[in-house]
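Worksheet: the structure to be examined is printed underneath.
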Amino acid sequence: MRSIRRSRAALGVLTAAFLVAASGCGADRPDRLTSPPATDATEAISSPEATTPSTAATDTLESLPAVQPAAVAVNAPFGAPADDADFVPVQWLVPWDDGFLAVGVGYPPQPLPDQLPPEIADLFPPEVTALFPDGLPPTQQEAVEILEEADLLDEVMDVVNEYPEAMDALQSAPRPAASLVATWSADGETWTPVEMTPPDGLGDLSQLAVFGDRLTITGTSLPSEDFVPWTVTVASTTDLETWTTESFEIRPPEGVPDDVQVWASPISVAANDENWAVRTIVDASVDPYEYLSEELQERAMTGGSGIGIEPDGVMVEFDVENGEGTEVERFTWAELGVPDDVVPYLQGARSRVELWSGTWGGEPSVSVGDEPFGQLLATSAGFLDFGDGVAFSPDGTTWTQVSTPQPNLWFQAVAPLGDDVVAIAGTPYGESSIHVVDATGTNWTDVELAGLADLDETFSAWNSTSSPAFFLANDPPTPDPQTVIVEHDGFELTRMYDDVVSYELVDLSTGDVVAEESVDLRTTQAPSDGPFENLTENMVGVTITDPVTGATIVQIPHSAMGAAWDEARGGDDETFEYHEPDLWLLATADGETWLLHDLDDGDPDEPNPPQLVATDGRIVLVGTYGWEPGTGIWQRFTLTE
């Protein structure tokens with residue numbers, strides 16, 4: 001079953017952080033922000049057609065040694081504890097100027113309006129407004145401190161949660177612009193503040209990447225009340241003082257209903273001295289939770305097992321009062337009052353990806369698609385794009401798919417390594433692998449490291465993309481069985497999962513096989529939307545179409561598929577042990593000597609796993625974001641003497 005998350009959850013966290021009370025006096029309430037109108041997308045440039053590339057030219061470096069140095073505790077870059085008013089968490093850690101650059105985003109306290117309308121002030125209990133006889137303090141942070149000291153913050157939160165107009169009034173003062181905060185270190189121990197002032201109008205920062213001596217960031221400016229599009233800005237510098245910028249506009253998909261939210265956000269950026277490229281996701285969606293009645297929400301949250309999307313509506317599963325078993329209720333979209341034109345967005349069918357690129361000072365161009373997200377990386381020859389496959393471009397605009405050592409590689413993490421690239425990949429049902437790739441993606445060297453056997457055959461990898469340092473975590477064992485059978489709406493679907501994937505759909509009324517397919521993933525490159533022609537999956541479930549007519553035969557929701565998995569395994573999720581991943585650090589300076597360190601070994605009391613990692617070729621720094629007090633754990637490892 002696909003769980004539905006409340007989109008307002010993140011807002012609730014922010015509300016708790018910035019909440020304040022009110023005083024009487026008059027002020028005009030600002031108009032509510034509205035979504036921009038639907039307009040045509042920028043004219044698309046044709047993307048290269050998907051092909052099955054031939055096997056890449058591949059060498060193998062076998063059983064390379066891996067050093068395992070001890071960890072040395074070092075200072076967190078910004079020093080101040082998380083509960084300090086001046087605390088700024090590190091959001092990016094990158095190699096820079098023969099050392100390390102740590103970058104965070106500082107948000108000035110949200111100011112309060114001078115006055116609030118009497119009707120807003122009257123919403124709060126008298127003991128709250130009595131705390132502010134002379135008007136509100138300058139900032140929300142100061143108001144929160146006053147409320148906490150008086151033990152009245154919960155009362156204010158209750159009012160704001162019940163009356164959205166109260167929150168609108170409290171946040172009516174213009175929001176201060178965020179600022180970049182940076183500090184530099186040669187050794188990861190001593191940090192020196194660095195002046196880093198990006199150009200005006202950058203908006204909310206989302207991506208940062210370093211290639212050589214060039215640092216590039218992206219920001220997004222939200223649409224205004226005047227219905228202007230989202231604006232994405234790319235800014236690049238080689239000295240942290242002089243910036244080169246380019247901007248482009250993201251317009252909503254055509255025909256988006258008013259009830260649908262449109263989001264635009266860069267998810268990857270790469271740049272060199274001549275060109276830049278930005279991958280941006282444009283997501284038009286709506287939260288089904290918003291269409292559930294308050295009573296239904298309460299029942300599902302307090303006594304339910306969950307809420308899930310089905311092909312024609314929502315399924316709500318409730319625990320029985322005596323604690324034995326569950327009851328299921330289903331509601332169609334029509335019963336919930338969902339307009340017909342909104343239903344496709346409830347099913348997650350309206351996301352797209354825009355790949356923007358251009359020369360510095362030139363006219364940006366865009367290609368539009370729905371391909372899986374990939375990681376852009378600048379190289380000495382141009383750009384590489386790693387995702388479900390690899391593509392090369394000399395300029396970020398014209399792309400050519402390149403061959404990989406085997407089909408169906410999925411690239412989890414990549415990073416520059418001099419003129420080459422380190423790429424960590426996995427296959428659908430095979431081992432994970434490490435590769436060194438040249439700047440055009442033509443020549444590949446498979447890396448086999450002594451010591452990786454402790455991570456088992458498959459592992460997940462992630463990094464910050466700007467240096468060859470990675471986190472690895474061993475994946476849970478492949479769940480048994482490899483064959484799952486599910487009955488739904490008069491059909492029986494048998495799915496087989498392995499290097500060879502297949503399915504068979506039987507009409508139970510006749511016993512006839514109405515659809516079947518089989519694909520050997522070891523030899524056949526599967527397209528981005530799945531290995532099968534007549535079986536597709538989305539957030540709703542599995543859809544099987546007639547091989548001849550293309551008409552839908554049956555739609556099987558994820559809830560039914562999940563129940564079939566549980567039954568085949570002999571129970572439900574509670575009968576299986578939770579997999580505690582083993583976390584490792586992997587880094588290299590040259591692709592031949594590697595650092596491999598078990599971050600969990602001898603460190604059982606570590607409060608939070610690290611999330612930031614970078615190497616300057618000599619040492620490796622590992623750290624946490626440090627959002628909460630006591631979690632800013634930073635360590636240094638020696639990579640080369």
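Residues are named by chain letter and number: chains run A, B, ... in the order of the structure tokens, numbers start at 1 in each chain, and ligands are numbered from 1 in the order shown.
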Inset, instruction - Write out as a ChimeraX atom specification each polymer residue whose atoms come within 9 Å of A:Val260, counting only C-alpha atoms; drop sequence neighbours fewer than 5 positions from it. - result: /A:35,284-287,342,345
Excluding A:Glu274 and its own-chain neighbours fewer than 2 positions away, which residues fall within 8 Å of it when counting only C-alpha atoms? Please give them as a PDB file with all heavy atoms, in the first residue's frame.
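Saved the output as out_22.pdb:
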```pdb
ATOM      1  N   ALA A 271      28.846  22.753 -14.229  1.00  0.00           N
ATOM      2  CA  ALA A 271      29.320  23.891 -15.029  1.00  0.00           C
ATOM      3  C   ALA A 271      30.826  23.816 -15.184  1.00  0.00           C
ATOM      4  O   ALA A 271      31.541  23.307 -14.313  1.00  0.00           O
ATOM      5  CB  ALA A 271      28.920  25.216 -14.373  1.00  0.00           C
ATOM      6  N   ASN A 272      31.309  24.334 -16.322  1.00  0.00           N
ATOM      7  CA  ASN A 272      32.740  24.548 -16.522  1.00  0.00           C
ATOM      8  C   ASN A 272      32.933  25.994 -16.965  1.00  0.00           C
ATOM      9  O   ASN A 272      32.027  26.821 -16.833  1.00  0.00           O
ATOM     10  CB  ASN A 272      33.321  23.533 -17.522  1.00  0.00           C
ATOM     11  CG  ASN A 272      32.558  23.516 -18.846  1.00  0.00           C
ATOM     12  OD1 ASN A 272      32.037  24.548 -19.302  1.00  0.00           O
ATOM     13  ND2 ASN A 272      32.483  22.351 -19.477  1.00  0.00           N
ATOM     14  N   TRP A 276      27.114  25.515 -18.901  1.00  0.00           N
ATOM     15  CA  TRP A 276      26.442  25.083 -17.680  1.00  0.00           C
ATOM     16  C   TRP A 276      25.242  24.222 -18.055  1.00  0.00           C
ATOM     17  O   TRP A 276      24.732  24.281 -19.179  1.00  0.00           O
ATOM     18  CB  TRP A 276      25.973  26.287 -16.852  1.00  0.00           C
ATOM     19  CG  TRP A 276      25.053  27.223 -17.610  1.00  0.00           C
ATOM     20  CD1 TRP A 276      25.409  28.298 -18.379  1.00  0.00           C
ATOM     21  CD2 TRP A 276      23.622  27.112 -17.715  1.00  0.00           C
ATOM     22  NE1 TRP A 276      24.294  28.875 -18.950  1.00  0.00           N
ATOM     23  CE2 TRP A 276      23.185  28.183 -18.544  1.00  0.00           C
ATOM     24  CE3 TRP A 276      22.680  26.252 -17.171  1.00  0.00           C
ATOM     25  CZ2 TRP A 276      21.839  28.380 -18.852  1.00  0.00           C
ATOM     26  CZ3 TRP A 276      21.331  26.449 -17.480  1.00  0.00           C
ATOM     27  CH2 TRP A 276      20.931  27.510 -18.310  1.00  0.00           C
ATOM     28  N   THR A 359      25.627  28.429 -22.829  1.00  0.00           N
ATOM     29  CA  THR A 359      26.940  29.015 -22.604  1.00  0.00           C
ATOM     30  C   THR A 359      26.775  30.220 -21.690  1.00  0.00           C
ATOM     31  O   THR A 359      25.710  30.820 -21.613  1.00  0.00           O
ATOM     32  CB  THR A 359      27.577  29.453 -23.934  1.00  0.00           C
ATOM     33  OG1 THR A 359      26.706  30.422 -24.557  1.00  0.00           O
ATOM     34  CG2 THR A 359      27.763  28.264 -24.873  1.00  0.00           C
ATOM     35  N   TRP A 360      27.832  30.560 -20.969  1.00  0.00           N
ATOM     36  CA  TRP A 360      27.781  31.757 -20.134  1.00  0.00           C
ATOM     37  C   TRP A 360      27.641  32.976 -21.048  1.00  0.00           C
ATOM     38  O   TRP A 360      28.458  33.203 -21.930  1.00  0.00           O
ATOM     39  CB  TRP A 360      29.038  31.878 -19.279  1.00  0.00           C
ATOM     40  CG  TRP A 360      29.200  30.744 -18.308  1.00  0.00           C
ATOM     41  CD1 TRP A 360      30.128  29.749 -18.344  1.00  0.00           C
ATOM     42  CD2 TRP A 360      28.390  30.497 -17.153  1.00  0.00           C
ATOM     43  NE1 TRP A 360      29.960  28.886 -17.304  1.00  0.00           N
ATOM     44  CE2 TRP A 360      28.902  29.321 -16.535  1.00  0.00           C
ATOM     45  CE3 TRP A 360      27.296  31.133 -16.577  1.00  0.00           C
ATOM     46  CZ2 TRP A 360      28.339  28.795 -15.372  1.00  0.00           C
ATOM     47  CZ3 TRP A 360      26.743  30.601 -15.421  1.00  0.00           C
ATOM     48  CH2 TRP A 360      27.265  29.458 -14.832  1.00  0.00           C
TER      49      TRP A 360
END
```
Compile the contact shell of A:Val554 as a PDB file with C-alpha atoms, in the first residue's frame: residues with an atom at most 9 Å away, counting only C-alpha atoms, same-chain residues fewer than 3 positions apart removed.
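Wrote result-v8.pdb, looks like this:
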```pdb
ATOM      1  CA  HIS A 488      -7.509  -9.453  -8.304  1.00  0.00           C
ATOM      2  CA  ASP A 489     -10.738  -8.762 -10.235  1.00  0.00           C
ATOM      3  CA  GLY A 490     -10.909 -12.257 -11.714  1.00  0.00           C
ATOM      4  CA  PHE A 491      -7.277 -12.462 -12.815  1.00  0.00           C
ATOM      5  CA  VAL A 542       0.328  -2.384 -11.653  1.00  0.00           C
ATOM      6  CA  THR A 543      -1.516  -1.974 -14.972  1.00  0.00           C
ATOM      7  CA  ILE A 544      -1.559  -4.724 -17.605  1.00  0.00           C
ATOM      8  CA  THR A 545      -2.758  -4.013 -21.138  1.00  0.00           C
TER       9      THR A 545
END
```
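Nearest to A:Ile424 of all the residues A:Asn443, A:Ser380, A:Thr458, A:Thr245 is A:Thr458, based on only C-alpha atoms.
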Inset, instruction - Give me every strand (DSSP E) residue in stretch 268-485 of chain A, going by DSSP on the backbone, as a ChimeraX atom specification. - result: /A:268-271,275-285,304-310,313-319,326-332,351-359,365-369,375-379,382-387,389-393,400-402,410-417,420-426,433-437,443-449,459-462,469-474,483-485
